[in-house]
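First up is the structure itself, then whatever we jot down about it.
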Amino acid sequence: MKHLFRRKSITQLISESENNDHGLHRVLSGSNLVALGIGAIIGAGIFVLSGQAAAQYAGPAIVLSFILSGIACALAGLCYAEFASMIPIAGSAYTYSYATMGEFIAWIIGWDLILEYLFAASTVAVGWSGYVVSFLNDFGIHIPVEFIAASGSHLVNVPGEGWKVITASLLSHLTETGLDVNTLPHVTALFNLPAVLVVFAATVLLVVGIKKSANFNAFMVIIKVFVIIAFIAFGFFFIQLDNWSPFIPPNTGKFGEYGFSGIFRGAAVIFFAYIGFDAVSTAAQEARNPRKDMPVGILGSLGISTILYILVALVLTGVVSYKLLNVPDPIAVAVNAMGPKMFWLRPIIKVAAIAGLSSVILVLLMGQPRIFFSMSRDGLLPKVFSKAHPRFKTPYISSIVTGLVAMIVSGATPIDILGELVSIGTLFAFCIVCAGVIILRYKHPEYPRGFKTPGLPYLPVLGIIICFVQMAALPLDTWIRLIVWMAFGFLIYFMYGRKHSKLA
C-alpha cells in the first residue's frame, strides 16, 4: 500500500520546473496566459451549452447556474493559483496531487484529466460544427445533412429553421406550433465531418509550435470578446421581459428539469465551460516567469469570463424563449429573433463563434498532450509520450494521438453526452486540487509560494462541497461512464504505471 502513495518531493518538482532539459520553450508571457485562459473559457459555454442547459434544465435561471459555477470555479481557481505559483510545472492537478496525496491519487487525477481535456475538445468541435453549418447555409452552401451530426443522430427538417437533431425539447416546441414530427423529412446522420476537420487543423497547428498557437489564439480571443460585447450591448434593446417569466420554471416532476434542482444540474452541466483556467496551468513550463504570471493568467481569465457569461445568459434568455435554445448555435438563434434590422449582426456573430470555438479547441488540445508529457516523464505512461519534436520543441507524438482520438469522438458522439462527461471530470479534478492545497499548506508551510489561497481551510473546503454537490446533480448515466473510464485507468496503472514509475 505504501507504494501506491509514494510522493514526489516539492524540492524535486521545483528543480524539474527550473531545469530546461524538458525540451519545451519558455515563451509565454502573463498576457499570453490570460489570453489562453479566456480562449478556453469563453467558447462552448456561451456559444453552445448556455442555450442547451437553459432549455433542458434551468430555464432563464441558467443565470443563477452560471453564478453558482463561477463561485465554485473561483474557489478552485484560488487553489490552482497557489499550486501553479509554487510548482510551475506542466501537468496541472496531476502534478499537484503527486506532491500532496501520492502516486495512485496522481494517476487517478491524471487519468481524469485525460477524460476532461480529450472530451472537452470533442464537445467544442461539435459546437463549432453547428455554427459553421449555419454560417455556410446563409451563403447557400449546404453540407449533406448526413455529415453534420454524430453517428446515429436522427434529424428532422423544421420549416423555416432547417435541419435539427430530434430532442425532447424540440418535440415539445413542434407540438406547441402544431407540427407533427412524423410528417417532416427525416435523416439519420453518419458522422460529423466539420468537427473532424477542425480537430485535424488544430492538431497540425499545435505540432508546429506553442508560440504560433498562442499568437493565433490571442487573435481569436480579441475577435470573440469584441463581438460578445456587441451582442450584449445590442441584445439588451431586444429583451422581452415575458421570456424571463417564470424566471425559475416549475419542476417537471423529474429531478434536474427546472425548479431549484434544475439550477444545480444546469450549473453542473455548464461547469465544463469554465475549465480554461485549468488549461493555463498545463502550460506552466512554457511560461517566462511562472511564479508571477501563472496566478495572473488563472484568476484574470476566470474573472473576465465569468462576468461575460452572466451578461450573455441574461440577454440570451431575454431575447428568445428558453424552450427554443436546445440547438448547437443558440447565439445565432437569438440574433435571428432580433428581427430583420439586425440581419447585419448574424454573420458577425457566427464568425465570432467560429473563431471563439476554434481557440477553445486549440487550447484544450494543447492541454491534453502536456498531461501525457508529465505522466510519461514520471514513468506512468510509455516514454514515447514525452518526446519533444527536434525542430518545433512540442510534444508532437502525444499531440497527434490526442488529435486522432478527438477526431473519432467528435465525429461520432452527441454533444450532451460529451458535455456531461467533461463536467464530472472537471469537478472531480477541482475537488482534488482544493483538498491538496490544504494538505500541502499544513505539511509544508515552509515552501515559498508566489500566491497564497486566502481563508484556508474554509474556502477550499467550501470549494470541495460546492463541486461535489454539482457532481451529485449530474445524471446517473454520467456517473456510470466515469466509473467505467476510471476502471480502465486502474487497469493501465496496475499493469504498467506502477511498475515503470520512476519512484518504483
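In the C-alpha cells, each chain is lettered A, B, ... as it comes, each chain's residues begin at 1, and ligands are numbered from 1 in order of appearance.
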
Non-local contacts of range 4-15 of chain A (6 Å; only C-alpha atoms; under 4 positions in same chain excluded) as a ChimeraX atom specification
/A:87,98-99,102-104

May I have the residues within 10 Å of Leu324 in chain A as a ChimeraX atom specification, using only C-alpha atoms and disregarding those fewer than 5 positions away in the same chain?
/A:51-52,54-55,169-170,172-173,317,330,333-334

With C-alpha atoms retained, export the selected residues as an mmCIF file, in the first residue's frame.
data_model
loop_
_atom_site.group_PDB
_atom_site.id
_atom_site.type_symbol
_atom_site.label_atom_id
_atom_site.label_comp_id
_atom_site.auth_asym_id
_atom_site.auth_seq_id
_atom_site.Cartn_x
_atom_site.Cartn_y
_atom_site.Cartn_z
ATOM 1 C CA GLY A 51 -28.765 27.573 -24.580
ATOM 2 C CA GLN A 52 -28.947 23.809 -24.157
ATOM 3 C CA ALA A 54 -31.418 26.661 -20.271
ATOM 4 C CA ALA A 55 -33.740 24.634 -22.494
ATOM 5 C CA SER A 169 -37.494 19.981 -26.130
ATOM 6 C CA LEU A 170 -37.691 20.161 -29.942
ATOM 7 C CA SER A 172 -42.343 19.920 -27.310
ATOM 8 C CA HIS A 173 -41.744 23.025 -29.419
ATOM 9 C CA THR A 317 -32.881 34.085 -22.352
ATOM 10 C CA PRO A 330 -28.164 29.377 -29.571
ATOM 11 C CA VAL A 333 -30.923 31.809 -32.855
ATOM 12 C CA ALA A 334 -31.062 34.856 -30.556
#

Enumerate as a list in words all residues of range 148-179 of chain A assigned to alpha helix (DSSP H) by DSSP on the backbone, naming them with the chain letters and numbers the document uses.
Ala168, Ser169, Leu170, Leu171, Ser172, His173, Leu174, Thr175 and Glu176 of chain A

Store the residues of this selection in a file with C-alpha atoms, as a CSV table (one decimal), in the first residue's frame.
chain,number,residue,atom,x,y,z
A,168,ALA,CA,-37.5,16.2,-26.2
A,169,SER,CA,-37.5,20.0,-26.1
A,170,LEU,CA,-37.7,20.2,-29.9
A,171,LEU,CA,-40.6,17.7,-29.9
A,172,SER,CA,-42.3,19.9,-27.3
A,173,HIS,CA,-41.7,23.0,-29.4
A,174,LEU,CA,-43.1,21.4,-32.6
A,175,THR,CA,-46.2,20.2,-30.7
A,176,GLU,CA,-46.8,23.8,-29.5

List every residue of range 245-347 of chain A that has an atom at most 10 Å from any atom of range 37-47 of chain A, and for each one report the closest atom pair and its distance in Å to one decimal, counting only C-alpha atoms, with rows sorted by chain and then by increasing residue number, as a Markdown table.
| residue | atom | partner | partner_atom | distance |
| --- | --- | --- | --- | --- |
| A:Val269 | CA | A:Gly45 | CA | 9.5 |
| A:Ile270 | CA | A:Gly45 | CA | 6.2 |
| A:Phe271 | CA | A:Gly45 | CA | 8.2 |
| A:Phe272 | CA | A:Gly45 | CA | 7.3 |
| A:Ala273 | CA | A:Gly45 | CA | 4.3 |
| A:Tyr274 | CA | A:Ile41 | CA | 5.1 |
| A:Ile275 | CA | A:Ile41 | CA | 6.1 |
| A:Gly276 | CA | A:Ala40 | CA | 4.2 |
| A:Phe277 | CA | A:Gly37 | CA | 5.0 |
| A:Asp278 | CA | A:Gly37 | CA | 7.9 |
| A:Ala279 | CA | A:Gly37 | CA | 6.8 |
| A:Val280 | CA | A:Gly37 | CA | 5.6 |
| A:Ser281 | CA | A:Gly37 | CA | 9.2 |
| A:Gly297 | CA | A:Gly37 | CA | 6.6 |
| A:Ile298 | CA | A:Gly37 | CA | 6.6 |
| A:Leu299 | CA | A:Gly37 | CA | 9.0 |
| A:Gly300 | CA | A:Gly37 | CA | 8.3 |
| A:Ser301 | CA | A:Ile38 | CA | 5.0 |
| A:Leu302 | CA | A:Gly37 | CA | 7.2 |
| A:Gly303 | CA | A:Ile38 | CA | 9.4 |
| A:Ile304 | CA | A:Ile38 | CA | 7.7 |
| A:Ser305 | CA | A:Ile42 | CA | 6.1 |
| A:Thr306 | CA | A:Ile41 | CA | 8.8 |
| A:Leu308 | CA | A:Ile42 | CA | 8.3 |
| A:Tyr309 | CA | A:Ile46 | CA | 6.3 |
| A:Ile310 | CA | A:Ile46 | CA | 9.4 |
| A:Val312 | CA | A:Ile46 | CA | 7.1 |
| A:Ala313 | CA | A:Ile46 | CA | 7.7 |
| A:Leu316 | CA | A:Ile46 | CA | 9.5 |
| A:Pro328 | CA | A:Phe47 | CA | 7.9 |
| A:Asp329 | CA | A:Phe47 | CA | 6.3 |
| A:Pro330 | CA | A:Phe47 | CA | 6.5 |
| A:Ile331 | CA | A:Phe47 | CA | 6.0 |
| A:Ala332 | CA | A:Phe47 | CA | 8.6 |

Of the listed residues A:Tyr94, A:His186, A:Leu64, A:Gly450, that which approaches Trp111 in chain A most closely, counting only C-alpha atoms
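Distance minimum relative to Trp111 in chain A lands on A:Tyr94.
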
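Distances from A:Tyr117, A:Ile349, A:Leu193, A:Phe200 to Ile228 in chain A were compared using only C-alpha atoms, and the smallest one belongs to A:Ile349.
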
Looking only at the backbone, which of the residues in range 151-395 of chain A does DSSP tag as strand (DSSP E), as a ChimeraX atom specification?
/A:154-158,162-165,186-188
